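Only one structure is covered here, and it is reproduced in the block below.
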Protein chains: 2
Amino acid sequence: MKKKLAIGVDLGGTNIKAGIIDSDGNVIVKISRLTEAQRGGQVVLKNILSSISDIISKNTQNKNIVSIGIGTPGLADNELGGVKGGAKNLPGWEGIPFKKDIEKKFNLPAVIDNDANMVTLGEFYCGAGKGVKNLVCLTLGTGIGGGIIFDGKIFRGPGNYAAEIGHMNISMEGPQCSCGSYGCLEAYASATAIVARTVSAIEKGNKTILMDMTYNDTSKITAKMITDAAEKGDALASAIIEETAKFLGVGIANLINLLNPEMVIISGGVAQAGNLILTPTIGTARQYSLKYAFDTVKIVTGKFKDEAGIIGAGMYSLKTLT
Amino acid sequence: MKKKLAIGVDLGGTNIKAGIIDSDGNVIVKISRLTEAQRGGQVVLKNILSSISDIISKNTQNKNIVSIGIGTPGLADNELGGVKGGAKNLPGWEGIPFKKDIEKKFNLPAVIDNDANMVTLGEFYCGAGKGVKNLVCLTLGTGIGGGIIFDGKIFRGPGNYAAEIGHMNISMEGPQCSCGSYGCLEAYASATAIVARTVSAIEKGNKTILMDMTYNDTSKITAKMITDAAEKGDALASAIIEETAKFLGVGIANLINLLNPEMVIISGGVAQAGNLILTPTIGTARQYSLKYAFDTVKIVTGKFKDEAGIIGAGMYSLKTLT
């Protein structure tokens, strides 16, 4: 008997990633296309439908595809079959009941969830958190998202709004966040915040190889470049990464003291810096958390570089719909 | 048929409170005696046993007492039947398997739990949180404790260390906390912290009626006096309470963003200041939390002044042991 397959879609502000996933979480084939977010919600929907058509056409085993999972920014609502709010990078996306359009076009059942929840589920089903029943996952990207697994199940809270880890306050008087509040973890440790702090330090006269890497154009600096520069020993980039690790460590300590998880997974681009960021993050988390809870938690980076979202979405659809 | 009764015990650093509770959570009779914590763990145990004997002797319906619940500071472990750690105000208390001594002496089944969990259960079963399945309770006293109810059950975390709300960091560079870390909510908004900030402000020359209230002895100032002075319009006391509300509001916003509870209950002495502290706390929580999650939460003070711990302990023993 052939394995059941699912399609996993990871909708982002820039790219739509889609893949065919088998029931062990292996990615059979994957593709990526532009979201074209600025063209509005209907174009985004059209691009998702095209992504799914494309991935199906690349699959020679397509008879086995039994379900579709879609991770989206914002507050995903399965009843509406769309996003109720919080998808600020996708103008016009809120309120579109896209789940039923997908189900109708491909004649397959679909499930939707918040993108960070899907990443968390990917790591939980098949990645760093496999077999761990109580974990928290942070997704570090343009913003910071998160997911919480309690007792083997994703925790959404009664209103479906839980696990907004990026909007945990770590300093009352801190910088303003995209959400309007001040001192959120996202305002310190997202890729956006890391780049902004770096550019600000350069403008204050700090020397760095990032200027060579961007031909003196600070607008070209990315979080990836900063971690690359830190790996090469650049003093400014190293200081920025170390500072970021401290912010992350404080946020993670809060999660440990509140939730006593068995594991904290750091996922997403910034996590690719590996031990460079992980070691000081763990050091700070130890300093700010209660010994008993700290001693029973593992803090790790995610297993997947950028596939966790599609794996989680595909696997979640298999687990819940078939 | 007579109602089943339980004994609830609330062990504190200063007093042991005990009561007889009926299955509706009514307190039939209650007593209080000194803990004598500084005389060591065995004396504390002797005093708990005496409290239970005393309360039984005050009960004319004692044939109906079917169970005992005990709330204790620290990490209560039902397997050990005692406290594994974290009871720093009770020297020599950790490691004493007191549950079995109580069960043996009174020939009744007993259950133990962390004191803040018992307060949370008291408010959940019979108080402000009755019928609310997802809530967080903060207990404001010498320190700050907390309890989390998910889906109608107390949430302990896999290692039994969860809900250490007092040790949530709200400012990385904040004052040192009793736990050794810096910037914990407890270091800002516990009774101890409120008194310390007030005394410090007086030493800097601020005028206040607290000096008249204590005959110019700042060592006599209590959190209760500060809320009383604020109620009388004292400028310094009012500023301290307002500042405390801001710290609390930030901490509560974090709980809202992470856990999306239906209700947040503020319990304990400081909460007795009522709207004086509640109104600005809610204002700050609104400012620092995500709109969707804030719009679905109620932030309230606890129903019980100082009986929540014994009610929770007694009710919890009835619910789990009988």
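In the structure tokens, each chain is lettered A, B, ... as it comes, each chain's residues begin at 1, and ligands are numbered from 1 in order of appearance.
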
For chain B, work out the contacting residues on chain A at 9 Å, counting only C-alpha atoms, and write them as JSON, numbers by chain.
{"A": [85, 86, 133, 134, 150, 151, 155, 156, 157, 158, 159, 160, 161, 162, 163, 164, 165, 166, 167, 168, 169, 170, 171, 172, 173, 174, 179, 180, 181, 182, 183, 184, 247, 250, 251, 253, 254, 255, 256, 257, 258, 259, 260, 261, 262, 287, 288, 289, 290, 292, 293, 296]}

Quick one: write out the picked residues with C-alpha atoms as a PDB file, in the first residue's frame?
```
ATOM      1  CA  GLY A  85      -7.131  39.533  12.036  1.00  0.00           C
ATOM      2  CA  GLY A  86      -3.466  40.158  12.712  1.00  0.00           C
ATOM      3  CA  LYS A 133       4.807  16.306  24.715  1.00  0.00           C
ATOM      4  CA  ASN A 134       5.289  19.766  26.243  1.00  0.00           C
ATOM      5  CA  PHE A 150       0.747  20.971  25.873  1.00  0.00           C
ATOM      6  CA  ASP A 151       0.306  17.306  26.482  1.00  0.00           C
ATOM      7  CA  PHE A 155      -2.489  25.078  22.659  1.00  0.00           C
ATOM      8  CA  ARG A 156      -4.571  27.843  21.153  1.00  0.00           C
ATOM      9  CA  GLY A 157      -6.328  29.314  24.143  1.00  0.00           C
ATOM     10  CA  PRO A 158     -10.101  29.559  24.351  1.00  0.00           C
ATOM     11  CA  GLY A 159     -10.249  32.410  21.804  1.00  0.00           C
ATOM     12  CA  ASN A 160      -7.567  31.003  19.495  1.00  0.00           C
ATOM     13  CA  TYR A 161      -5.227  33.905  20.295  1.00  0.00           C
ATOM     14  CA  ALA A 162      -2.617  32.224  22.501  1.00  0.00           C
ATOM     15  CA  ALA A 163       1.150  31.839  22.058  1.00  0.00           C
ATOM     16  CA  GLU A 164       1.868  35.376  20.864  1.00  0.00           C
ATOM     17  CA  ILE A 165       5.400  34.920  22.131  1.00  0.00           C
ATOM     18  CA  GLY A 166       6.762  37.791  20.045  1.00  0.00           C
ATOM     19  CA  HIS A 167       4.544  40.175  21.964  1.00  0.00           C
ATOM     20  CA  MET A 168       5.745  39.175  25.388  1.00  0.00           C
ATOM     21  CA  ASN A 169       7.088  42.280  27.063  1.00  0.00           C
ATOM     22  CA  ILE A 170      10.682  42.002  28.275  1.00  0.00           C
ATOM     23  CA  SER A 171      11.252  45.656  29.045  1.00  0.00           C
ATOM     24  CA  MET A 172       8.479  48.108  29.874  1.00  0.00           C
ATOM     25  CA  GLU A 173      10.433  51.078  28.594  1.00  0.00           C
ATOM     26  CA  GLY A 174      11.700  49.303  25.485  1.00  0.00           C
ATOM     27  CA  CYS A 179       1.898  45.897  17.366  1.00  0.00           C
ATOM     28  CA  GLY A 180       1.882  49.396  18.889  1.00  0.00           C
ATOM     29  CA  SER A 181       3.089  48.302  22.319  1.00  0.00           C
ATOM     30  CA  TYR A 182       6.601  48.816  23.716  1.00  0.00           C
ATOM     31  CA  GLY A 183       9.380  46.438  24.683  1.00  0.00           C
ATOM     32  CA  CYS A 184       7.986  43.286  23.038  1.00  0.00           C
ATOM     33  CA  PHE A 247      16.922  39.304  24.778  1.00  0.00           C
ATOM     34  CA  VAL A 250      15.092  36.557  28.932  1.00  0.00           C
ATOM     35  CA  GLY A 251      12.009  35.773  26.836  1.00  0.00           C
ATOM     36  CA  ALA A 253      13.255  32.290  30.802  1.00  0.00           C
ATOM     37  CA  ASN A 254       9.745  33.737  31.074  1.00  0.00           C
ATOM     38  CA  LEU A 255       8.355  30.827  29.090  1.00  0.00           C
ATOM     39  CA  ILE A 256      10.233  28.387  31.333  1.00  0.00           C
ATOM     40  CA  ASN A 257       9.001  30.024  34.557  1.00  0.00           C
ATOM     41  CA  LEU A 258       5.416  30.196  33.335  1.00  0.00           C
ATOM     42  CA  LEU A 259       5.015  26.960  31.416  1.00  0.00           C
ATOM     43  CA  ASN A 260       7.737  24.590  32.631  1.00  0.00           C
ATOM     44  CA  PRO A 261       8.161  23.075  29.132  1.00  0.00           C
ATOM     45  CA  GLU A 262      10.386  20.071  28.467  1.00  0.00           C
ATOM     46  CA  GLN A 287      20.371  33.302  34.700  1.00  0.00           C
ATOM     47  CA  TYR A 288      16.752  34.517  34.512  1.00  0.00           C
ATOM     48  CA  SER A 289      14.835  31.300  35.165  1.00  0.00           C
ATOM     49  CA  LEU A 290      14.126  29.273  38.275  1.00  0.00           C
ATOM     50  CA  TYR A 292      14.112  23.639  39.045  1.00  0.00           C
ATOM     51  CA  ALA A 293      12.369  24.512  35.817  1.00  0.00           C
ATOM     52  CA  THR A 296      14.435  20.077  33.196  1.00  0.00           C
TER      53      THR A 296
END
```

Residues of region 101-239 of chain A in alpha helix (DSSP H) according to DSSP, as a PyMOL selection string?
chain A and resi 101-106+115-126+186-189+191-203+210-213+223-231+235-239

What residues in region 85-160 of chain A get the DSSP label strand (DSSP E)? Please answer as JSON, numbers by chain.
{"A": [110, 111, 112, 113, 114, 135, 136, 137, 138, 139, 140, 144, 145, 146, 147, 148, 149, 150, 153, 154]}

Which residues, written as a list of chain:residue names, have at least one atom at most 10 Å from Ala196 (chain B), with only C-alpha atoms counted and residues fewer than 5 positions away on the same chain left out?
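Once the adjacent positions are removed, what remains is B:Ala187, B:Tyr188, B:Ser190, B:Ala191, B:Ala201, B:Ile202, B:Thr218, B:Ser219, B:Ile221, B:Thr222, B:Ala223.
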
Please save all heavy atoms of the selected residues as an mmCIF file, in the first residue's frame.
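Generated file (again33.cif):
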```
data_model
loop_
_atom_site.group_PDB
_atom_site.id
_atom_site.type_symbol
_atom_site.label_atom_id
_atom_site.label_comp_id
_atom_site.auth_asym_id
_atom_site.auth_seq_id
_atom_site.Cartn_x
_atom_site.Cartn_y
_atom_site.Cartn_z
ATOM 1 N N ALA B 187 9.637 41.475 42.126
ATOM 2 C CA ALA B 187 10.557 42.512 42.597
ATOM 3 C C ALA B 187 9.969 43.914 42.421
ATOM 4 O O ALA B 187 10.536 44.902 42.896
ATOM 5 C CB ALA B 187 11.886 42.395 41.860
ATOM 6 N N TYR B 188 8.827 44.012 41.742
ATOM 7 C CA TYR B 188 8.164 45.290 41.504
ATOM 8 C C TYR B 188 6.831 45.421 42.255
ATOM 9 O O TYR B 188 6.483 46.505 42.696
ATOM 10 C CB TYR B 188 7.851 45.469 40.015
ATOM 11 C CG TYR B 188 9.020 45.837 39.146
ATOM 12 C CD1 TYR B 188 9.619 44.898 38.326
ATOM 13 C CD2 TYR B 188 9.515 47.136 39.145
ATOM 14 C CE1 TYR B 188 10.684 45.234 37.517
ATOM 15 C CE2 TYR B 188 10.579 47.486 38.326
ATOM 16 C CZ TYR B 188 11.164 46.537 37.524
ATOM 17 O OH TYR B 188 12.214 46.876 36.720
ATOM 18 N N SER B 190 5.209 42.938 44.553
ATOM 19 C CA SER B 190 4.870 42.243 45.800
ATOM 20 C C SER B 190 4.733 43.279 46.910
ATOM 21 O O SER B 190 5.201 44.419 46.785
ATOM 22 C CB SER B 190 5.973 41.249 46.156
ATOM 23 O OG SER B 190 7.171 41.952 46.420
ATOM 24 N N ALA B 191 4.104 42.878 48.015
ATOM 25 C CA ALA B 191 3.986 43.770 49.169
ATOM 26 C C ALA B 191 5.370 44.256 49.609
ATOM 27 O O ALA B 191 5.575 45.447 49.889
ATOM 28 C CB ALA B 191 3.277 43.042 50.310
ATOM 29 N N ALA B 201 11.334 56.238 48.703
ATOM 30 C CA ALA B 201 10.832 57.565 48.302
ATOM 31 C C ALA B 201 10.789 58.511 49.503
ATOM 32 O O ALA B 201 11.086 59.707 49.375
ATOM 33 C CB ALA B 201 9.443 57.429 47.675
ATOM 34 N N ILE B 202 10.419 57.989 50.670
ATOM 35 C CA ILE B 202 10.388 58.817 51.886
ATOM 36 C C ILE B 202 11.802 59.277 52.237
ATOM 37 O O ILE B 202 12.038 60.448 52.562
ATOM 38 C CB ILE B 202 9.749 58.037 53.059
ATOM 39 C CG1 ILE B 202 8.256 57.797 52.785
ATOM 40 C CG2 ILE B 202 9.942 58.800 54.385
ATOM 41 C CD1 ILE B 202 7.576 56.854 53.765
ATOM 42 N N THR B 218 9.573 54.340 59.665
ATOM 43 C CA THR B 218 9.322 53.746 58.342
ATOM 44 C C THR B 218 9.366 52.212 58.384
ATOM 45 O O THR B 218 8.796 51.561 57.511
ATOM 46 C CB THR B 218 10.337 54.234 57.279
ATOM 47 O OG1 THR B 218 11.657 53.975 57.760
ATOM 48 C CG2 THR B 218 10.175 55.714 56.986
ATOM 49 N N SER B 219 10.019 51.656 59.400
ATOM 50 C CA SER B 219 10.074 50.184 59.465
ATOM 51 C C SER B 219 8.703 49.579 59.785
ATOM 52 O O SER B 219 8.504 48.378 59.678
ATOM 53 C CB SER B 219 11.106 49.722 60.499
ATOM 54 O OG SER B 219 10.595 49.915 61.810
ATOM 55 N N ILE B 221 5.923 50.529 58.196
ATOM 56 C CA ILE B 221 5.037 50.675 57.030
ATOM 57 C C ILE B 221 4.715 49.313 56.413
ATOM 58 O O ILE B 221 5.604 48.486 56.211
ATOM 59 C CB ILE B 221 5.687 51.603 55.966
ATOM 60 C CG1 ILE B 221 5.799 53.033 56.535
ATOM 61 C CG2 ILE B 221 4.888 51.612 54.657
ATOM 62 C CD1 ILE B 221 6.537 53.999 55.624
ATOM 63 N N THR B 222 3.440 49.089 56.168
ATOM 64 C CA THR B 222 3.008 47.856 55.487
ATOM 65 C C THR B 222 2.302 48.227 54.179
ATOM 66 O O THR B 222 1.892 49.378 53.986
ATOM 67 C CB THR B 222 2.003 47.059 56.350
ATOM 68 O OG1 THR B 222 0.817 47.876 56.505
ATOM 69 C CG2 THR B 222 2.564 46.725 57.727
ATOM 70 N N ALA B 223 2.143 47.231 53.334
ATOM 71 C CA ALA B 223 1.445 47.453 52.065
ATOM 72 C C ALA B 223 0.004 47.902 52.323
ATOM 73 O O ALA B 223 -0.530 48.762 51.619
ATOM 74 C CB ALA B 223 1.468 46.185 51.218
#
```

Within 12 Å of Ile56 (chain A) using only C-alpha atoms, minus same-chain residues under 6 positions, as a ChimeraX atom specification:
/A:5-8,18-21,28-31,49-50,62-68,106

May I have the selected residues written with C-alpha atoms, as a PDB file, in the first residue's frame?
```pdb
ATOM      1  CA  LEU A   5       0.369  12.096   1.006  1.00  0.00           C
ATOM      2  CA  ALA A   6      -0.646  15.644   1.896  1.00  0.00           C
ATOM      3  CA  ILE A   7       0.008  19.092   0.544  1.00  0.00           C
ATOM      4  CA  GLY A   8       1.481  21.593   2.972  1.00  0.00           C
ATOM      5  CA  ALA A  18       4.236  24.446  -0.930  1.00  0.00           C
ATOM      6  CA  GLY A  19       5.260  20.834  -0.706  1.00  0.00           C
ATOM      7  CA  ILE A  20       4.007  17.283  -0.889  1.00  0.00           C
ATOM      8  CA  ILE A  21       4.596  15.527   2.416  1.00  0.00           C
ATOM      9  CA  ILE A  28       8.610  14.576  -1.673  1.00  0.00           C
ATOM     10  CA  VAL A  29       8.754  17.750  -3.719  1.00  0.00           C
ATOM     11  CA  LYS A  30       8.545  21.450  -2.927  1.00  0.00           C
ATOM     12  CA  ILE A  31       8.163  24.743  -4.740  1.00  0.00           C
ATOM     13  CA  LEU A  49      -4.311  27.993  -5.799  1.00  0.00           C
ATOM     14  CA  SER A  50      -1.611  28.120  -8.506  1.00  0.00           C
ATOM     15  CA  ASN A  62      -0.943  12.294  -7.022  1.00  0.00           C
ATOM     16  CA  LYS A  63      -3.647   9.718  -6.476  1.00  0.00           C
ATOM     17  CA  ASN A  64      -2.441   9.426  -2.899  1.00  0.00           C
ATOM     18  CA  ILE A  65      -2.881  13.075  -1.952  1.00  0.00           C
ATOM     19  CA  VAL A  66      -5.637  13.045   0.633  1.00  0.00           C
ATOM     20  CA  SER A  67      -5.545  16.454   2.356  1.00  0.00           C
ATOM     21  CA  ILE A  68      -4.213  19.988   2.357  1.00  0.00           C
ATOM     22  CA  PHE A 106      -9.021  20.411  -5.527  1.00  0.00           C
TER      23      PHE A 106
END
```

Give me, as a tab-separated table (two decimals) with N, CA, C and O atoms, in the first residue's frame, all polymer residues having an atom no more than 10 Å from Glu79 (chain A), counting only C-alpha atoms and skipping those fewer than 2 positions away in the same chain.
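out-v9.tsv, written as the output of this step:
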```
chain	number	residue	atom	x	y	z
A	76	ALA	N	-5.87	32.54	12.36
A	76	ALA	CA	-6.59	31.64	11.47
A	76	ALA	C	-7.81	31.09	12.20
A	76	ALA	O	-7.74	30.71	13.35
A	77	ASP	N	-8.92	31.06	11.50
A	77	ASP	CA	-10.17	30.60	12.09
A	77	ASP	C	-10.78	29.55	11.17
A	77	ASP	O	-11.20	29.85	10.05
A	81	GLY	N	-12.82	29.73	7.96
A	81	GLY	CA	-11.99	29.21	6.87
A	81	GLY	C	-11.06	30.27	6.33
A	81	GLY	O	-10.64	30.23	5.18
A	82	GLY	N	-10.75	31.24	7.19
A	82	GLY	CA	-9.87	32.33	6.77
A	82	GLY	C	-9.26	32.98	7.99
A	82	GLY	O	-9.26	32.41	9.08
A	83	VAL	N	-8.77	34.20	7.79
A	83	VAL	CA	-8.03	34.90	8.84
A	83	VAL	C	-8.90	36.02	9.42
A	83	VAL	O	-9.45	36.82	8.67
A	97	PRO	N	-12.61	33.82	2.93
A	97	PRO	CA	-12.77	32.42	3.39
A	97	PRO	C	-12.09	31.45	2.43
A	97	PRO	O	-12.74	30.67	1.74
A	99	LYS	N	-10.28	28.79	2.68
A	99	LYS	CA	-10.26	27.33	2.86
A	99	LYS	C	-11.26	26.64	1.93
A	99	LYS	O	-10.93	25.67	1.26
A	112	ILE	N	-6.68	24.90	8.15
A	112	ILE	CA	-5.81	26.08	8.20
A	112	ILE	C	-5.39	26.33	9.64
A	112	ILE	O	-6.06	25.91	10.59
```

So that I can check the surroundings of Ile299 (chain B), please list as a short mmCIF file (atom, residue, chain, number, x, y, z; two decimals) with all heavy atoms, in the first residue's frame every protein, DNA and RNA residue that reaches within 7 Å of it, counting only C-alpha atoms and ignoring chain neighbours fewer than 6 positions away.
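The resulting file, around_17.cif, is reproduced below:
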```cif
data_model
loop_
_atom_site.label_atom_id
_atom_site.label_comp_id
_atom_site.auth_asym_id
_atom_site.auth_seq_id
_atom_site.Cartn_x
_atom_site.Cartn_y
_atom_site.Cartn_z
N MET B 263 -10.14 34.91 31.89
CA MET B 263 -10.16 35.75 33.08
C MET B 263 -8.78 35.80 33.74
O MET B 263 -8.06 34.81 33.74
CB MET B 263 -11.20 35.20 34.08
CG MET B 263 -11.32 35.99 35.36
SD MET B 263 -12.61 35.34 36.46
CE MET B 263 -14.07 36.12 35.77
N VAL B 264 -8.43 36.97 34.26
CA VAL B 264 -7.25 37.10 35.12
C VAL B 264 -7.76 37.58 36.48
O VAL B 264 -8.46 38.60 36.56
CB VAL B 264 -6.23 38.09 34.55
CG1 VAL B 264 -5.07 38.31 35.52
CG2 VAL B 264 -5.70 37.61 33.20
N ILE B 265 -7.43 36.84 37.53
CA ILE B 265 -7.87 37.19 38.88
C ILE B 265 -6.67 37.70 39.68
O ILE B 265 -5.64 37.04 39.72
CB ILE B 265 -8.48 35.96 39.59
CG1 ILE B 265 -9.68 35.41 38.80
CG2 ILE B 265 -8.90 36.32 41.02
CD1 ILE B 265 -10.22 34.10 39.34
N ILE B 282 -5.82 47.55 34.65
CA ILE B 282 -6.52 47.19 33.41
C ILE B 282 -6.09 48.12 32.27
O ILE B 282 -5.87 47.68 31.15
CB ILE B 282 -8.06 47.24 33.63
CG1 ILE B 282 -8.48 46.12 34.59
CG2 ILE B 282 -8.81 47.12 32.30
CD1 ILE B 282 -9.95 46.15 35.00
#
```

Do you have the CA of Leu121 (chain A)-CA of Gly13 (chain A) distance handy?
20.2 Å

Please provide the set of residues having any atom within 12 Å of Thr320 (chain A), restricted to only C-alpha atoms, with same-chain residues fewer than 2 positions apart removed, written as a PyMOL selection string.
chain A and resi 6+66-69+109-113+153+312-318+322
